[in-house]
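Here is run_11.tsv, consisting of TSV, C-alpha atoms:
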```tsv
chain	number	residue	atom	x	y	z
R	122	MET	CA	0.00	0.00	0.00
R	123	ASN	CA	2.96	2.32	0.58
R	124	ILE	CA	3.69	2.39	-3.17
R	125	LEU	CA	0.04	3.25	-3.90
R	126	HIS	CA	0.06	6.06	-1.35
R	127	ARG	CA	3.34	7.45	-2.73
R	128	PHE	CA	1.61	8.06	-6.09
R	129	ALA	CA	-1.48	9.50	-4.43
R	130	ASN	CA	0.54	12.71	-4.22
R	131	PRO	CA	-0.77	14.78	-7.19
R	132	THR	CA	2.53	16.57	-7.87
R	133	ARG	CA	4.51	13.32	-7.89
R	134	PHE	CA	1.89	11.66	-10.09
R	135	GLN	CA	1.83	14.54	-12.59
R	136	ARG	CA	5.63	14.53	-12.85
R	137	LEU	CA	5.67	10.78	-13.51
R	138	SER	CA	2.70	10.96	-15.88
R	139	LYS	CA	4.34	13.65	-18.03
R	140	LYS	CA	7.41	11.43	-18.39
R	141	ILE	CA	5.41	8.31	-19.32
R	142	GLU	CA	2.85	9.86	-21.70
R	143	PRO	CA	5.13	10.50	-24.74
R	144	TRP	CA	6.47	6.91	-24.62
R	145	VAL	CA	2.97	5.46	-24.38
R	146	LEU	CA	1.88	7.68	-27.29
R	147	VAL	CA	4.79	6.46	-29.47
R	148	LEU	CA	4.03	2.81	-28.61
R	149	MET	CA	0.36	3.38	-29.41
R	150	LEU	CA	1.12	4.96	-32.80
R	151	LEU	CA	3.57	2.17	-33.72
R	152	THR	CA	1.24	-0.69	-32.77
R	153	MET	CA	-1.81	1.07	-34.24
R	154	GLY	CA	-0.05	1.86	-37.53
R	155	SER	CA	1.34	-1.62	-38.03
R	156	GLY	CA	-1.87	-3.24	-36.75
R	157	LEU	CA	-4.00	-1.27	-39.22
R	158	TYR	CA	-1.68	-2.10	-42.11
R	159	PHE	CA	-1.88	-5.84	-41.42
R	160	ALA	CA	-5.59	-5.73	-40.58
R	161	LEU	CA	-6.65	-3.90	-43.74
R	162	PHE	CA	-4.11	-4.88	-46.39
R	163	SER	CA	-1.80	-7.72	-45.43
R	164	SER	CA	-3.88	-10.25	-43.50
R	165	PRO	CA	-5.60	-13.04	-45.46
R	166	VAL	CA	-9.26	-13.12	-46.39
R	167	ASP	CA	-11.24	-15.76	-44.50
R	168	TYR	CA	-12.41	-18.67	-46.66
R	169	GLN	CA	-15.95	-18.46	-45.24
R	170	GLN	CA	-16.35	-14.85	-44.10
R	171	GLY	CA	-14.44	-13.13	-46.90
R	172	HIS	CA	-13.33	-9.57	-46.13
R	173	THR	CA	-15.73	-9.21	-43.19
R	174	VAL	CA	-13.08	-10.96	-41.09
R	175	ARG	CA	-11.32	-7.56	-41.06
R	176	ILE	CA	-14.06	-6.29	-38.73
R	177	MET	CA	-12.62	-8.69	-36.13
R	178	TYR	CA	-9.45	-6.55	-35.76
R	179	ILE	CA	-11.56	-3.69	-34.35
R	180	HIS	CA	-14.47	-5.59	-32.81
R	181	VAL	CA	-12.57	-8.15	-30.71
R	182	PRO	CA	-9.93	-5.76	-29.21
R	183	ALA	CA	-12.73	-3.24	-28.48
R	184	ALA	CA	-14.73	-5.95	-26.69
R	185	TRP	CA	-11.62	-6.99	-24.70
R	186	MET	CA	-11.10	-3.34	-23.73
R	187	ALA	CA	-14.75	-3.00	-22.67
R	188	LEU	CA	-14.17	-5.78	-20.11
R	189	PHE	CA	-10.63	-4.66	-19.23
R	190	CYS	CA	-11.70	-1.06	-18.49
R	191	TYR	CA	-14.59	-2.18	-16.30
R	192	THR	CA	-12.32	-4.58	-14.38
R	193	ALA	CA	-9.78	-1.77	-13.90
R	194	MET	CA	-12.61	0.48	-12.66
R	195	ALA	CA	-13.80	-2.17	-10.19
R	196	ILE	CA	-10.26	-2.65	-8.77
R	197	ALA	CA	-9.74	1.13	-8.48
R	198	ALA	CA	-13.22	1.57	-6.94
R	199	ALA	CA	-12.41	-1.08	-4.30
R	200	ILE	CA	-9.07	0.62	-3.50
R	201	SER	CA	-10.85	3.97	-3.31
R	202	LEU	CA	-13.55	2.66	-0.94
R	203	ILE	CA	-11.29	0.56	1.31
R	204	TRP	CA	-8.15	2.74	1.56
R	205	LYS	CA	-9.72	6.15	0.71
R	206	HIS	CA	-7.16	6.53	-2.07
R	207	GLY	CA	-7.94	9.80	-3.87
R	208	LEU	CA	-6.10	8.94	-7.07
R	209	ALA	CA	-7.90	5.59	-7.35
R	210	ASP	CA	-11.23	7.45	-7.35
R	211	ILE	CA	-9.94	9.77	-10.11
R	212	ALA	CA	-8.74	6.73	-12.09
R	213	VAL	CA	-12.28	5.27	-11.98
R	214	LYS	CA	-13.70	8.56	-13.25
R	215	ALA	CA	-11.03	8.87	-15.98
R	216	THR	CA	-11.54	5.29	-17.20
R	217	ALA	CA	-15.36	5.35	-17.49
R	218	PRO	CA	-15.70	7.33	-20.77
R	219	ILE	CA	-12.90	5.29	-22.38
R	220	GLY	CA	-14.60	2.03	-21.37
R	221	ALA	CA	-17.96	3.35	-22.59
R	222	ALA	CA	-16.39	4.29	-25.96
R	223	PHE	CA	-14.89	0.81	-26.40
R	224	THR	CA	-18.18	-0.87	-25.39
R	225	PHE	CA	-20.07	1.28	-27.88
R	226	LEU	CA	-17.55	0.30	-30.58
R	227	ALA	CA	-17.85	-3.39	-29.67
R	228	LEU	CA	-21.65	-3.21	-29.93
R	229	VAL	CA	-21.85	-1.29	-33.21
R	230	THR	CA	-19.01	-3.14	-34.97
R	231	GLY	CA	-20.52	-6.42	-33.80
R	232	SER	CA	-23.75	-5.35	-35.43
R	233	LEU	CA	-21.89	-4.45	-38.64
R	234	TRP	CA	-20.30	-7.90	-38.60
R	235	GLY	CA	-23.55	-9.66	-37.68
R	236	LYS	CA	-25.57	-8.37	-40.62
R	237	PRO	CA	-23.53	-10.02	-43.43
R	238	MET	CA	-22.67	-13.15	-41.37
R	239	TRP	CA	-25.84	-13.86	-39.36
R	240	GLY	CA	-28.30	-11.99	-41.56
R	241	THR	CA	-29.36	-9.71	-38.71
R	242	TRP	CA	-28.05	-6.55	-37.04
R	243	TRP	CA	-29.04	-7.67	-33.53
R	244	VAL	CA	-30.33	-10.62	-31.51
R	245	TRP	CA	-31.28	-10.62	-27.85
R	246	ASP	CA	-28.90	-13.44	-26.96
R	247	ALA	CA	-26.83	-13.69	-23.77
R	248	ARG	CA	-23.54	-12.24	-25.10
R	249	LEU	CA	-25.02	-9.25	-26.90
R	250	THR	CA	-27.50	-8.42	-24.16
R	251	SER	CA	-24.91	-8.64	-21.35
R	252	VAL	CA	-22.56	-6.31	-23.28
R	253	LEU	CA	-25.44	-3.87	-23.75
R	254	VAL	CA	-25.98	-4.02	-19.95
R	255	LEU	CA	-22.25	-3.23	-19.55
R	256	PHE	CA	-22.69	-0.14	-21.74
R	257	PHE	CA	-25.59	1.01	-19.54
R	258	LEU	CA	-23.45	0.38	-16.43
R	259	TYR	CA	-20.80	2.75	-17.82
R	260	LEU	CA	-23.45	5.40	-18.58
R	261	GLY	CA	-25.07	4.85	-15.18
R	262	TYR	CA	-21.73	5.31	-13.42
R	263	MET	CA	-21.04	8.58	-15.25
R	264	ALA	CA	-24.54	9.92	-14.53
R	265	LEU	CA	-24.43	8.94	-10.84
R	266	ARG	CA	-20.88	10.28	-10.31
R	267	ASP	CA	-22.02	13.81	-11.20
R	268	ALA	CA	-25.52	13.64	-9.70
R	269	PHE	CA	-24.51	14.82	-6.20
R	270	ASP	CA	-23.66	18.34	-5.00
R	271	ASP	CA	-21.10	16.76	-2.67
R	272	PRO	CA	-18.40	15.16	-4.91
R	273	ALA	CA	-17.37	12.75	-2.11
R	274	ARG	CA	-20.90	11.29	-1.92
R	275	GLY	CA	-21.02	10.98	-5.71
R	276	ALA	CA	-17.67	9.18	-5.72
R	277	LYS	CA	-18.72	6.75	-2.98
R	278	SER	CA	-22.15	5.92	-4.43
R	279	SER	CA	-20.83	5.44	-7.95
R	280	ALA	CA	-17.91	3.29	-6.71
R	281	ILE	CA	-20.46	0.97	-5.05
R	282	LEU	CA	-22.39	0.81	-8.35
R	283	VAL	CA	-19.18	-0.18	-10.17
R	284	LEU	CA	-18.51	-2.99	-7.67
R	285	VAL	CA	-22.10	-4.31	-7.86
R	286	GLY	CA	-22.01	-4.14	-11.66
R	287	PHE	CA	-18.80	-6.18	-11.77
R	288	VAL	CA	-20.97	-9.32	-11.51
R	289	ASN	CA	-21.74	-8.71	-15.20
R	290	VAL	CA	-18.10	-9.20	-16.28
R	291	PRO	CA	-17.89	-13.01	-15.77
R	292	ILE	CA	-21.42	-13.29	-17.17
R	293	ILE	CA	-20.20	-11.65	-20.41
R	294	LYS	CA	-17.05	-13.79	-20.56
R	295	PHE	CA	-18.82	-17.13	-20.00
R	296	SER	CA	-22.18	-16.31	-21.64
R	297	VAL	CA	-21.12	-18.14	-24.82
R	298	ASP	CA	-20.38	-21.30	-22.76
R	299	TRP	CA	-23.36	-21.14	-20.38
R	300	TRP	CA	-26.09	-20.46	-22.94
R	301	ASN	CA	-26.82	-21.26	-26.57
R	302	THR	CA	-25.98	-18.07	-28.41
R	303	LEU	CA	-25.51	-16.96	-31.98
R	304	HIS	CA	-22.16	-15.49	-30.94
R	305	GLN	CA	-19.16	-17.77	-31.46
R	306	PRO	CA	-17.19	-19.08	-28.43
R	307	ALA	CA	-13.73	-17.76	-27.53
R	308	SER	CA	-11.02	-18.49	-30.10
R	309	VAL	CA	-8.03	-16.62	-28.62
R	310	ILE	CA	-8.25	-16.60	-24.80
R	311	ARG	CA	-8.73	-20.35	-24.24
R	312	MET	CA	-7.22	-22.93	-21.91
R	313	ASP	CA	-5.93	-24.96	-24.88
R	314	GLY	CA	-4.45	-21.95	-26.70
R	315	PRO	CA	-5.69	-19.85	-29.64
R	316	THR	CA	-7.42	-21.63	-32.52
R	317	ILE	CA	-6.94	-18.71	-34.89
R	318	HIS	CA	-4.25	-18.76	-37.63
R	319	VAL	CA	-1.08	-16.83	-36.83
R	320	ASP	CA	-1.56	-14.52	-39.87
R	321	MET	CA	-4.80	-13.32	-38.30
R	322	LEU	CA	-3.61	-13.55	-34.70
R	323	MET	CA	-0.74	-11.11	-35.26
R	324	PRO	CA	-2.84	-8.11	-36.43
R	325	LEU	CA	-5.40	-8.95	-33.75
R	326	LEU	CA	-2.77	-8.80	-31.00
R	327	LEU	CA	-1.19	-5.65	-32.48
R	328	MET	CA	-4.58	-3.91	-32.39
R	329	ALA	CA	-5.19	-5.22	-28.87
R	330	PHE	CA	-1.88	-3.67	-27.71
R	331	ALA	CA	-2.68	-0.45	-29.60
R	332	PHE	CA	-6.01	-0.15	-27.76
R	333	LYS	CA	-4.28	-0.87	-24.42
R	334	PHE	CA	-1.74	1.92	-25.05
R	335	TYR	CA	-4.56	4.21	-26.21
R	336	TYR	CA	-6.39	3.55	-22.95
R	337	LEU	CA	-3.28	4.20	-20.86
R	338	TRP	CA	-2.46	7.44	-22.68
R	339	VAL	CA	-5.99	8.90	-22.62
R	340	MET	CA	-6.44	7.82	-18.98
R	341	LEU	CA	-3.23	9.62	-17.93
R	342	VAL	CA	-4.36	12.78	-19.77
R	343	ARG	CA	-7.80	12.61	-18.13
R	344	ILE	CA	-6.31	12.02	-14.65
R	345	ARG	CA	-4.07	15.09	-15.06
R	346	GLN	CA	-7.12	17.11	-16.14
R	347	GLU	CA	-9.17	15.94	-13.15
R	348	LEU	CA	-6.31	16.75	-10.73
R	349	MET	CA	-6.26	20.28	-12.16
R	350	ALA	CA	-10.07	20.51	-11.86
R	351	GLN	CA	-9.83	19.47	-8.20
R	352	ARG	CA	-7.15	22.13	-7.56
R	353	ILE	CA	-9.36	24.75	-9.25
R	354	ARG	CA	-12.32	23.77	-7.02
R	355	ALA	CA	-10.12	23.98	-3.92
R	356	LEU	CA	-8.73	27.40	-4.86
R	357	LYS	CA	-12.21	28.76	-5.67
R	358	HIS	CA	-13.48	27.44	-2.34
R	359	ARG	CA	-10.61	29.15	-0.51
R	360	GLN	CA	-11.25	32.41	-2.42
R	361	ALA	CA	-14.94	32.24	-1.46
R	362	ILE	CA	-14.07	31.81	2.26
R	363	GLU	CA	-11.54	34.67	2.25
Y	212	MET	CA	-5.78	-0.22	-60.48
Y	213	ASN	CA	-7.88	-3.33	-60.17
Y	214	ASP	CA	-6.03	-4.21	-56.97
Y	215	THR	CA	-6.77	-0.80	-55.43
Y	216	ASN	CA	-10.40	-1.09	-56.42
Y	217	SER	CA	-10.71	-4.57	-54.98
Y	218	ILE	CA	-9.09	-3.48	-51.71
Y	219	LEU	CA	-11.45	-0.51	-51.43
Y	220	SER	CA	-14.59	-2.42	-52.35
Y	221	MET	CA	-13.60	-5.68	-50.55
Y	222	THR	CA	-16.04	-7.44	-52.88
Y	223	GLU	CA	-19.52	-6.85	-51.46
Y	224	HIS	CA	-18.27	-6.47	-47.87
Y	225	GLY	CA	-16.70	-3.00	-48.07
Y	226	ALA	CA	-20.03	-1.51	-46.98
Y	227	TYR	CA	-19.56	-3.23	-43.59
Y	228	VAL	CA	-15.77	-3.13	-43.18
Y	229	TRP	CA	-15.07	0.55	-43.94
Y	230	PRO	CA	-17.82	1.92	-41.64
Y	231	THR	CA	-16.29	-0.21	-38.85
Y	232	TYR	CA	-12.88	1.43	-39.26
Y	233	GLY	CA	-14.42	4.87	-39.86
Y	234	LEU	CA	-16.53	4.68	-36.72
Y	235	ALA	CA	-13.55	3.49	-34.64
Y	236	ALA	CA	-11.50	6.45	-35.92
Y	237	VAL	CA	-14.27	8.97	-35.17
Y	238	VAL	CA	-14.94	7.63	-31.64
Y	239	LEU	CA	-11.28	7.21	-30.61
Y	240	ILE	CA	-10.02	10.47	-32.12
Y	241	GLY	CA	-13.10	12.29	-30.78
Y	242	LEU	CA	-12.36	11.12	-27.23
Y	243	VAL	CA	-8.73	12.25	-27.55
Y	244	VAL	CA	-9.80	15.70	-28.81
Y	245	LEU	CA	-12.35	16.11	-25.98
Y	246	SER	CA	-9.81	14.99	-23.37
Y	247	LEU	CA	-7.05	17.32	-24.64
Y	248	ARG	CA	-9.44	20.27	-24.90
Y	249	ALA	CA	-10.63	19.71	-21.33
Y	250	LEU	CA	-6.98	19.53	-20.18
Y	251	GLY	CA	-6.16	22.79	-22.00
Y	252	ARG	CA	-9.18	24.57	-20.50
Y	253	SER	CA	-8.36	23.39	-16.98
Y	254	ARG	CA	-4.70	24.38	-17.35
Y	255	ALA	CA	-5.65	27.89	-18.53
Y	256	GLU	CA	-8.18	28.35	-15.72
Y	257	LEU	CA	-5.75	27.08	-13.07
Y	258	GLU	CA	-3.03	29.46	-14.29
Y	259	ARG	CA	-5.51	32.37	-14.20
Y	260	ILE	CA	-6.69	31.57	-10.66
Y	261	GLU	CA	-3.15	31.02	-9.36
Y	262	LEU	CA	-2.11	34.36	-10.87
Y	263	GLU	CA	-5.11	36.07	-9.23
Y	264	THR	CA	-4.43	34.41	-5.87
Y	265	GLY	CA	-0.76	35.43	-6.03
Y	266	ARG	CA	-1.69	39.02	-6.88
Y	267	GLN	CA	-4.20	39.20	-4.02
Y	268	ARG	CA	-1.56	37.84	-1.61
Y	269	ASP	CA	0.97	40.46	-2.80
Y	270	GLU	CA	-1.58	43.26	-2.31
Y	271	ALA	CA	-2.40	42.02	1.20
```
Mind converting the file's structure to structure tokens?
Amino acid sequence: MNILHRFANPTRFQRLSKKIEPWVLVLMLLTMGSGLYFALFSSPVDYQQGHTVRIMYIHVPAAWMALFCYTAMAIAAAISLIWKHGLADIAVKATAPIGAAFTFLALVTGSLWGKPMWGTWWVWDARLTSVLVLFFLYLGYMALRDAFDDPARGAKSSAILVLVGFVNVPIIKFSVDWWNTLHQPASVIRMDGPTIHVDMLMPLLLMAFAFKFYYLWVMLVRIRQELMAQRIRALKHRQAIE
Amino acid sequence: MNDTNSILSMTEHGAYVWPTYGLAAVVLIGLVVLSLRALGRSRAELERIELETGRQRDEA
């Protein structure tokens, strides 16, 4: 916990963040650029799906990020509630719009993939419905976080919502095993290893890393902005008292 | 030329593939722009308030 509390200091965090951000940005641009090249031009066409397989390189990493961001939010929310760690609370707030954006992308790109492959834009099956619930959880968190005059109450109530909503994460992951769904089962994150060909796995992993670096970079920017916003509120409060 | 055309059209599937990449670009770049603009606004406001606070302290 000592390490966590060391970085709870806003000045120390901002100094570290400014050093890390350019490196994360470079890594994101490199992985994104190469990932897009392979995804759009160099990877093979699927013998059954044709070119629609290229939707996978956006859809699957976005869906992974939707789950990853919510898990990160749940861990940070728990740290914030248990140890009253201010930066953990800010990390939850900074992650929410990024997670919501990735969930939205996973839903819409899944729909764009579903139409030519399944013949329908949407079905109310377990995987699709549970991801839609995840999207509403992100929106609900953001609405609840700002619904209180007292920011501390908003942070606490919304952190509890994040923890309660975490029950949806394993439901999403295992929905394709527990229920009969139109959605295919996992083909990369499996106990017996990926079943996908390496020529398709490489761009998929490159895009997955690109989205991870994107998340890290945007989150650091948003945390710095929120720290500044908190300092502004504190200074205005002090001015009002004086 | 035919190769370029076939890459762009992706047979009949271009209508689904290109909107996927276009939407991802709009959403991800849009979030970056919003985040950087918010950071710029906060930085400017903080500098203004700190300058004001410093001036008030000097006058006192």
Between atom CA of R:Ser232 and atom CA of R:Arg343, distance in Å (one decimal):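 Spanning atom CA of R:Ser232 to atom CA of R:Arg343 is a straight-line distance of 29.6 Å.
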Measuring between all atoms listed in the file, which one of R:Leu303, R:Met328, R:Ile176, R:Leu341 shows the shortest distance to chain Y?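 Of R:Leu303, R:Met328, R:Ile176, R:Leu341, the one nearest chain Y is R:Ile176, counting all atoms listed in the file.
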Which value, in Å to one decimal, gives the distance between atom CA of R:Leu157 and atom CA of R:Val339?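 Going from atom CA of R:Leu157 over to atom CA of R:Val339 covers 19.6 Å.
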Quick one: contact table of chain Y to chain R, 9 Å max, nearest atom pair and distance in Å to one decimal per residue, counting all atoms listed in the file, chain and number order, as a tab-separated table?
```
residue	atom	partner	partner_atom	distance
Y:Ile218	CA	R:Phe162	CA	7.4
Y:Met221	CA	R:His172	CA	5.9
Y:Thr222	CA	R:His172	CA	7.6
Y:Glu223	CA	R:His172	CA	8.6
Y:His224	CA	R:Thr173	CA	6.0
Y:Gly225	CA	R:His172	CA	7.6
Y:Tyr227	CA	R:Leu233	CA	5.6
Y:Val228	CA	R:Ile176	CA	5.7
Y:Trp229	CA	R:Ile176	CA	8.7
Y:Pro230	CA	R:Leu233	CA	8.1
Y:Thr231	CA	R:Thr230	CA	5.6
Y:Tyr232	CA	R:Ile179	CA	7.2
Y:Leu234	CA	R:Leu226	CA	7.6
Y:Ala235	CA	R:Leu226	CA	6.5
Y:Val238	CA	R:Ala222	CA	6.7
Y:Leu239	CA	R:Ala222	CA	7.5
Y:Leu242	CA	R:Ile219	CA	7.6
Y:Val243	CA	R:Val339	CA	6.6
Y:Ser246	CA	R:Arg343	CA	6.1
Y:Leu247	CA	R:Val342	CA	7.2
Y:Ala249	CA	R:Gln346	CA	6.8
Y:Leu250	CA	R:Gln346	CA	4.7
Y:Gly251	CA	R:Gln346	CA	8.2
Y:Arg252	CA	R:Gln346	CA	8.9
Y:Ser253	CA	R:Met349	CA	6.1
Y:Arg254	CA	R:Met349	CA	6.8
Y:Glu256	CA	R:Ile353	CA	7.5
Y:Leu257	CA	R:Ile353	CA	5.7
Y:Ile260	CA	R:Leu356	CA	7.4
Y:Glu261	CA	R:Leu356	CA	8.0
Y:Thr264	CA	R:Gln360	CA	7.9
```
One decimal, in Å: what's the spacing between atom CA of R:Leu151 and atom CA of R:Leu325?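 We find that atom CA of R:Leu151 and atom CA of R:Leu325 lie 14.3 Å from each other.
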Could you put an axis-aligned box around every listed atom of stretch 255-268 of chain Y, padded by 5 Å on each side, and send me its centre and edge lengths in Å to one decimal, as lines of an AutoDock Vina configuration file?
```
center_x = -4.5
center_y = 33.1
center_z = -10.1
size_x = 17.4
size_y = 22.1
size_z = 26.9
```
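Among R:Leu326, R:Ile362, R:Ala355, R:Leu284, the residue with the shortest atom-to-atom distance to R:Leu258, counting all atoms listed in the file, is R:Leu284.
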